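A.B. asks: Below is structure39.cif; it holds mmCIF, C-alpha atoms.
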data_run
#
loop_
_atom_site.label_atom_id
_atom_site.label_comp_id
_atom_site.auth_asym_id
_atom_site.auth_seq_id
_atom_site.Cartn_x
_atom_site.Cartn_y
_atom_site.Cartn_z
CA MET A 1 185.47 -98.66 -49.46
CA ASN A 2 188.13 -101.29 -48.94
CA VAL A 3 186.59 -104.76 -48.60
CA THR A 4 188.89 -107.70 -47.92
CA ARG A 5 187.84 -111.22 -48.90
CA SER A 6 189.49 -114.26 -47.33
CA THR A 7 189.05 -117.89 -46.32
CA VAL A 8 189.60 -119.45 -42.90
CA LYS A 9 191.04 -122.96 -42.92
CA LEU A 10 189.20 -124.87 -40.22
CA LYS A 11 190.24 -128.22 -38.79
CA ASN A 12 187.92 -130.15 -41.07
CA ASN A 13 186.45 -127.52 -43.36
CA GLU A 14 186.75 -123.99 -44.76
CA MET A 15 184.77 -120.79 -44.38
CA ASP A 16 184.77 -117.68 -46.55
CA TYR A 17 184.35 -114.23 -45.05
CA PHE A 18 184.88 -110.58 -45.87
CA CYS A 19 185.74 -107.68 -43.65
CA PHE A 20 185.79 -103.89 -43.75
CA GLY A 21 186.27 -100.99 -41.37
CA THR A 22 189.17 -99.83 -39.21
CA GLY A 23 187.70 -99.71 -35.70
CA LYS A 24 189.20 -101.52 -32.71
CA THR A 25 186.06 -103.46 -31.78
CA PRO A 26 185.22 -106.58 -33.82
CA PHE A 27 181.67 -106.63 -35.19
CA VAL A 28 180.69 -110.12 -36.36
CA MET A 29 177.79 -110.33 -38.81
CA LEU A 30 175.97 -113.63 -39.29
CA PRO A 31 173.46 -113.21 -42.13
CA GLY A 32 170.29 -115.19 -42.67
CA LEU A 33 169.67 -118.22 -44.84
CA SER A 34 170.10 -117.48 -48.54
CA VAL A 35 170.29 -119.45 -51.76
CA LYS A 36 173.20 -117.23 -52.84
CA SER A 37 176.47 -116.77 -50.98
CA VAL A 38 176.77 -113.54 -49.02
CA MET A 39 180.22 -113.19 -50.60
CA ASN A 40 178.46 -112.08 -53.80
CA SER A 41 177.11 -109.06 -51.92
CA ALA A 42 180.26 -107.99 -50.08
CA GLU A 43 180.49 -104.49 -51.51
CA GLY A 44 176.77 -103.89 -51.06
CA VAL A 45 176.86 -104.99 -47.42
CA ALA A 46 179.91 -102.84 -46.75
CA SER A 47 178.20 -99.82 -48.30
CA ALA A 48 175.02 -100.40 -46.29
CA TYR A 49 176.98 -100.70 -43.03
CA ARG A 50 179.58 -98.01 -43.70
CA MET A 51 178.48 -96.08 -40.60
CA PHE A 52 180.22 -98.75 -38.49
CA CYS A 53 183.62 -98.42 -40.20
CA ASP A 54 185.22 -95.93 -37.81
CA ASP A 55 184.33 -97.69 -34.56
CA PHE A 56 184.35 -101.33 -35.67
CA THR A 57 186.06 -103.79 -37.94
CA VAL A 58 183.17 -105.75 -39.43
CA TYR A 59 183.53 -109.45 -40.25
CA CYS A 60 180.75 -111.06 -42.28
CA PHE A 61 180.90 -114.87 -42.39
CA ASP A 62 179.49 -117.15 -45.05
CA ARG A 63 178.31 -120.64 -44.10
CA THR A 64 180.65 -123.61 -43.96
CA LYS A 65 181.98 -124.32 -47.44
CA PHE A 66 181.65 -128.13 -47.49
CA LEU A 67 178.32 -129.42 -46.21
CA THR A 68 177.06 -132.94 -45.69
CA GLU A 69 173.52 -134.25 -45.36
CA ASN A 70 171.87 -133.67 -41.98
CA TYR A 71 174.21 -130.82 -41.02
CA THR A 72 172.75 -129.17 -37.92
CA ILE A 73 172.41 -125.56 -36.91
CA GLU A 74 174.71 -126.23 -33.96
CA GLN A 75 177.37 -127.64 -36.28
CA LEU A 76 177.14 -124.47 -38.38
CA SER A 77 177.57 -122.38 -35.24
CA GLU A 78 180.57 -124.43 -34.09
CA ASP A 79 182.25 -123.92 -37.47
CA THR A 80 181.70 -120.17 -37.19
CA ALA A 81 182.98 -120.13 -33.61
CA GLU A 82 186.12 -121.96 -34.75
CA ALA A 83 186.64 -119.35 -37.48
CA MET A 84 186.20 -116.52 -34.96
CA LEU A 85 188.72 -118.11 -32.60
CA LEU A 86 191.26 -118.56 -35.39
CA LEU A 87 190.88 -114.88 -36.30
CA GLY A 88 191.22 -113.76 -32.68
CA LEU A 89 187.70 -112.31 -32.46
CA GLU A 90 187.12 -112.74 -28.74
CA GLY A 91 184.86 -110.09 -27.23
CA SER A 92 182.95 -109.37 -30.45
CA CYS A 93 179.72 -107.50 -30.89
CA VAL A 94 177.65 -110.12 -32.74
CA PHE A 95 174.74 -109.33 -35.05
CA GLY A 96 172.79 -112.43 -36.04
CA ALA A 97 169.88 -112.18 -38.46
CA SER A 98 167.29 -114.95 -38.89
CA GLN A 99 169.26 -118.23 -39.24
CA GLY A 100 172.37 -116.25 -38.32
CA GLY A 101 170.61 -115.30 -35.09
CA MET A 102 169.98 -118.98 -34.35
CA MET A 103 173.70 -119.65 -34.77
CA ALA A 104 174.62 -116.62 -32.69
CA GLN A 105 172.64 -117.97 -29.74
CA TYR A 106 174.58 -121.25 -29.84
CA ILE A 107 177.87 -119.35 -30.04
CA ALA A 108 176.93 -117.20 -27.04
CA VAL A 109 176.02 -120.32 -25.04
CA ASN A 110 178.94 -122.54 -26.04
CA HIS A 111 181.65 -119.88 -26.46
CA PRO A 112 180.79 -116.95 -24.18
CA GLU A 113 184.31 -115.53 -24.54
CA LEU A 114 183.54 -114.69 -28.17
CA VAL A 115 180.47 -112.55 -27.54
CA LYS A 116 180.59 -109.19 -25.80
CA LYS A 117 177.13 -108.08 -26.93
CA LEU A 118 174.46 -109.90 -28.92
CA PHE A 119 171.90 -108.36 -31.28
CA LEU A 120 169.28 -110.89 -32.40
CA ALA A 121 167.36 -109.86 -35.51
CA SER A 122 164.13 -111.58 -36.66
CA THR A 123 165.11 -114.91 -35.19
CA CYS A 124 163.93 -117.58 -32.76
CA SER A 125 165.25 -120.05 -30.21
CA ARG A 126 162.94 -122.88 -31.31
CA LEU A 127 160.87 -123.37 -34.44
CA SER A 128 157.11 -123.05 -34.39
CA LYS A 129 154.81 -125.11 -36.63
CA THR A 130 154.31 -122.00 -38.80
CA SER A 131 158.04 -121.62 -39.33
CA GLU A 132 158.49 -125.32 -40.09
CA GLU A 133 155.80 -125.08 -42.77
CA VAL A 134 157.50 -122.07 -44.36
CA MET A 135 160.86 -123.86 -44.45
CA ASP A 136 159.23 -126.96 -45.94
CA LYS A 137 157.73 -124.86 -48.77
CA TRP A 138 161.10 -123.30 -49.59
CA VAL A 139 162.90 -126.63 -49.49
CA ASP A 140 160.21 -128.16 -51.71
CA CYS A 141 160.70 -125.43 -54.33
CA ALA A 142 164.45 -126.00 -54.17
CA LYS A 143 164.02 -129.75 -54.64
CA LYS A 144 161.95 -129.10 -57.78
CA GLY A 145 164.41 -126.51 -59.08
CA ASP A 146 161.47 -124.10 -59.27
CA ILE A 147 163.19 -120.70 -59.46
CA ASP A 148 159.99 -118.72 -60.08
CA GLY A 149 158.14 -120.39 -57.22
CA PHE A 150 161.15 -119.94 -54.97
CA CYS A 151 161.33 -116.22 -55.76
CA ASP A 152 157.58 -115.81 -55.24
CA LEU A 153 157.91 -117.21 -51.71
CA PHE A 154 161.06 -115.19 -51.10
CA ILE A 155 159.43 -111.89 -51.98
CA ASP A 156 156.02 -112.60 -50.46
CA LEU A 157 157.19 -113.91 -47.09
CA LEU A 158 160.35 -111.95 -46.38
CA TYR A 159 159.30 -108.36 -47.03
CA GLY A 160 156.59 -105.84 -46.32
CA ARG A 161 154.23 -104.90 -49.16
CA GLU A 162 155.86 -101.57 -50.02
CA PHE A 163 159.37 -103.01 -50.20
CA ALA A 164 158.19 -106.03 -52.21
CA GLU A 165 156.42 -103.83 -54.76
CA LYS A 166 159.43 -101.57 -55.12
CA PHE A 167 162.19 -104.18 -55.33
CA GLY A 168 160.40 -107.42 -56.22
CA GLU A 169 161.35 -107.40 -59.89
CA PHE A 170 164.97 -106.65 -59.09
CA ILE A 171 165.01 -109.60 -56.66
CA ARG A 172 163.59 -111.89 -59.35
CA ILE A 173 166.23 -110.83 -61.88
CA ALA A 174 169.03 -111.28 -59.32
CA HIS A 175 167.94 -114.88 -58.69
CA GLN A 176 167.38 -116.13 -62.23
CA ASP A 177 170.84 -117.70 -62.36
CA ILE A 178 170.29 -120.03 -59.38
CA THR A 179 172.07 -123.30 -60.11
CA ALA A 180 171.27 -126.87 -59.10
CA GLU A 181 174.28 -126.69 -56.76
CA ASP A 182 172.85 -123.53 -55.15
CA PHE A 183 169.58 -125.33 -54.50
CA GLU A 184 171.33 -128.44 -53.13
CA ARG A 185 173.23 -126.30 -50.64
CA PHE A 186 170.08 -124.37 -49.71
CA ILE A 187 168.23 -127.62 -48.97
CA ILE A 188 170.91 -128.72 -46.49
CA LEU A 189 171.01 -125.30 -44.83
CA GLY A 190 167.23 -125.05 -44.72
CA ARG A 191 166.87 -128.48 -43.15
CA SER A 192 169.48 -127.60 -40.53
CA CYS A 193 166.97 -125.23 -38.93
CA GLY A 194 164.72 -128.18 -38.13
CA GLY A 195 166.87 -129.22 -35.19
CA LEU A 196 166.83 -125.81 -33.56
CA ASN A 197 165.89 -125.81 -29.90
CA ILE A 198 168.15 -123.77 -27.68
CA TYR A 199 165.32 -122.18 -25.70
CA ASP A 200 166.04 -124.08 -22.48
CA ARG A 201 169.73 -123.09 -22.60
CA LEU A 202 169.23 -119.36 -23.06
CA ASP A 203 169.81 -118.70 -19.35
CA LEU A 204 173.48 -119.58 -20.00
CA ILE A 205 173.88 -116.40 -22.05
CA ARG A 206 175.42 -113.75 -19.79
CA CYS A 207 176.23 -110.92 -22.18
CA PRO A 208 173.83 -108.02 -22.92
CA VAL A 209 171.27 -109.00 -25.57
CA TYR A 210 168.80 -106.99 -27.63
CA VAL A 211 166.05 -108.75 -29.61
CA VAL A 212 164.43 -106.94 -32.54
CA GLY A 213 161.67 -108.34 -34.73
CA ALA A 214 158.66 -107.27 -36.77
CA LYS A 215 154.95 -107.67 -36.11
CA ASN A 216 154.48 -108.81 -39.71
CA ASP A 217 157.22 -111.48 -39.64
CA ARG A 218 155.63 -114.31 -41.64
CA VAL A 219 158.66 -116.58 -41.43
CA LEU A 220 159.74 -116.88 -37.79
CA THR A 221 156.92 -114.73 -36.30
CA ALA A 222 156.89 -111.81 -33.90
CA ARG A 223 155.89 -114.19 -31.13
CA ALA A 224 159.25 -115.95 -31.45
CA SER A 225 161.11 -112.68 -30.90
CA VAL A 226 159.03 -111.89 -27.82
CA GLU A 227 159.42 -115.43 -26.45
CA THR A 228 163.19 -115.34 -26.85
CA ALA A 229 163.51 -111.93 -25.22
CA GLN A 230 161.30 -112.94 -22.29
CA LYS A 231 163.40 -116.06 -21.67
CA LEU A 232 166.58 -113.98 -21.81
CA GLY A 233 165.11 -111.18 -19.70
CA CYS A 234 166.35 -108.65 -22.23
CA PRO A 235 164.78 -105.74 -24.17
CA CYS A 236 162.66 -106.50 -27.22
CA TYR A 237 161.49 -104.14 -29.94
CA LEU A 238 158.97 -104.98 -32.67
CA TYR A 239 158.62 -102.91 -35.83
CA ASP A 240 155.10 -102.27 -37.06
CA GLU A 241 153.18 -104.06 -39.82
CA ARG A 242 154.82 -102.10 -42.64
CA TYR A 243 157.87 -104.35 -42.34
CA GLY A 244 158.39 -108.07 -42.77
CA HIS A 245 160.90 -110.69 -41.70
CA CYS A 246 163.77 -108.82 -43.37
CA VAL A 247 163.03 -105.62 -41.49
CA PHE A 248 166.80 -105.23 -41.04
CA ASP A 249 166.95 -104.45 -44.78
CA GLU A 250 163.78 -102.36 -44.83
CA ALA A 251 163.56 -100.06 -41.79
CA PRO A 252 165.55 -96.82 -42.30
CA ASP A 253 166.56 -96.59 -38.64
CA TYR A 254 167.58 -100.22 -38.16
CA LYS A 255 171.33 -99.74 -38.39
CA GLU A 256 171.19 -96.80 -35.98
CA ARG A 257 169.45 -99.13 -33.53
CA ILE A 258 172.32 -101.64 -33.84
CA MET A 259 174.90 -98.89 -33.41
CA LYS A 260 173.25 -97.49 -30.31
CA PHE A 261 173.16 -100.89 -28.64
CA PHE A 262 176.73 -101.86 -29.54
CA LYS A 263 178.17 -98.51 -28.46
#
Could you quickly redo this structure as structure tokens?

C.D. replies:
Amino acid sequence: MNVTRSTVKLKNNEMDYFCFGTGKTPFVMLPGLSVKSVMNSAEGVASAYRMFCDDFTVYCFDRTKFLTENYTIEQLSEDTAEAMLLLGLEGSCVFGASQGGMMAQYIAVNHPELVKKLFLASTCSRLSKTSEEVMDKWVDCAKKGDIDGFCDLFIDLLYGREFAEKFGEFIRIAHQDITAEDFERFIILGRSCGGLNIYDRLDLIRCPVYVVGAKNDRVLTARASVETAQKLGCPCYLYDERYGHCVFDEAPDYKERIMKFFK
């Protein structure tokens, strides 16, 4: 599969992205918070989402390249919106997962011309106390440079038991080369979630929206998915307890669900 990597030069920053597919409709993917750049997984993502290649051209955006202390989730979303505008991606089908879903909500509110349809995956419109505590634990591990502790939280909180048992060791191996710079960037991105509160502005979103979560989401909670959907007045689907926060990587029918909504 042909995957193209590139960088968008923003007014005051830069943003890496990759794209694949030959379809006429732009599909913008905003992944969740990660200690590693999504650019490292470009081929894997393209392979996993190959079913979209005929109908869509998929653009997967990394976070802003140069971050400063106290960067907010809305600033991250504005950077991504600027990149989308520069690439001519008006009228996109937007898939936002976890932190990417937070950003996608801001983009839909502040730049409605960019979003034709919005799929919100395991995300929220405001942080609960539970979610704040989870983020604090991750940031604390990153501050200490504790790779093992970081991976333990990653595996335990993000996935269902079956997936964690099957792929946990692989995840640990893949994260053993985390650098101090990776952790520094993660801390800024993790803290950016603290300012999230777009709940009262959700009625400004006019495009069709579908919210999908998991009953066993131990990071942002199933309640957050339900709350967001109720405020939007849109459909909401919750996967059962077999799946965790990263149900979008676990459930075998997840991508078909995205396809059905976008088409």

A.B. asks: For stretch 129-134 of chain A, please output as a list in words all residues within 8 Å (counting only C-alpha atoms; exclusion window: fewer than 3 positions along the same chain).

C.D. replies: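 Here the qualifying residues turn out to be Lys137, Trp138, Gly194, Val219, Leu220 and Thr221 of chain A.
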
A.B. asks: Need the shell around stretch 2-13 of chain A: protein/DNA/RNA residues with any atom at most 9 Å away, counting only C-alpha atoms. Skip same-chain ones fewer than 5 positions apart. Format as an NGL selection string?

C.D. replies: :A and (18-21 or 39 or 42-43 or 46 or 64-67 or 79 or 82-83 or 86-87)

A.B. asks: Given the point (185.8, -106.4, -33.9) in the file's coordinates, find the residues that have an atom at most 7 Å from it, counting all atoms listed in the file, and give them as a ChimeraX atom specification.

C.D. replies: /A:24-28,56-58,89,92-93

A.B. asks: Which residues are near A:Val211? Cut-off 8 Å, only C-alpha atoms, ignore same chain within fewer than 5 positions. Put them as a PyMOL selection string.

C.D. replies: chain A and resi 119-122+225-226+228-229+234-237

A.B. asks: Fewer than 6 positions away in the same chain doesn't count, so skip those; otherwise give me all residues within 10 Å of stretch 147-162 of chain A, counting all atoms listed in the file, as a PyMOL selection string.

C.D. replies: chain A and resi 34-35+134+137-141+168-169+171-179+183+214+216-220+241-247+249-250

A.B. asks: Here is a test: counting all atoms listed in the file, which residue of A:Lys144, A:Arg201, A:Arg185, A:Arg206 is nearest to A:Tyr71?

C.D. replies: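 The answer is A:Arg185, which sits nearest to A:Tyr71.
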
A.B. asks: Run the PyMOL selection byres ((chain A and resi 51) around 12) against the file shown and list the residues it catches, as number ranges by chain.

C.D. replies: A: 1, 20-23, 45-50, 52-58, 254-260

A.B. asks: Kindly indicate which residue among A:Gly233, A:Pro208, A:Gly44, A:Gly101 lies nearest to A:Ile73, using all atoms listed in the file for the distances.

C.D. replies: A:Gly101

A.B. asks: Using only C-alpha atoms for the distances, tell me which of A:Leu238, A:Lys36, A:Pro31, A:Glu165 is nearest to A:Ala180.

C.D. replies: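 Result for the nearest residue to A:Ala180: A:Lys36.
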
A.B. asks: Please provide the set of residues having any atom within 8 Å of A:Ala224, restricted to all atoms listed in the file, with same-chain residues fewer than 6 positions apart removed, written as a list in words.

C.D. replies: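 Result of the neighbour search: Thr123, Cys124, Ser125, Arg126 and Ser128 of chain A.
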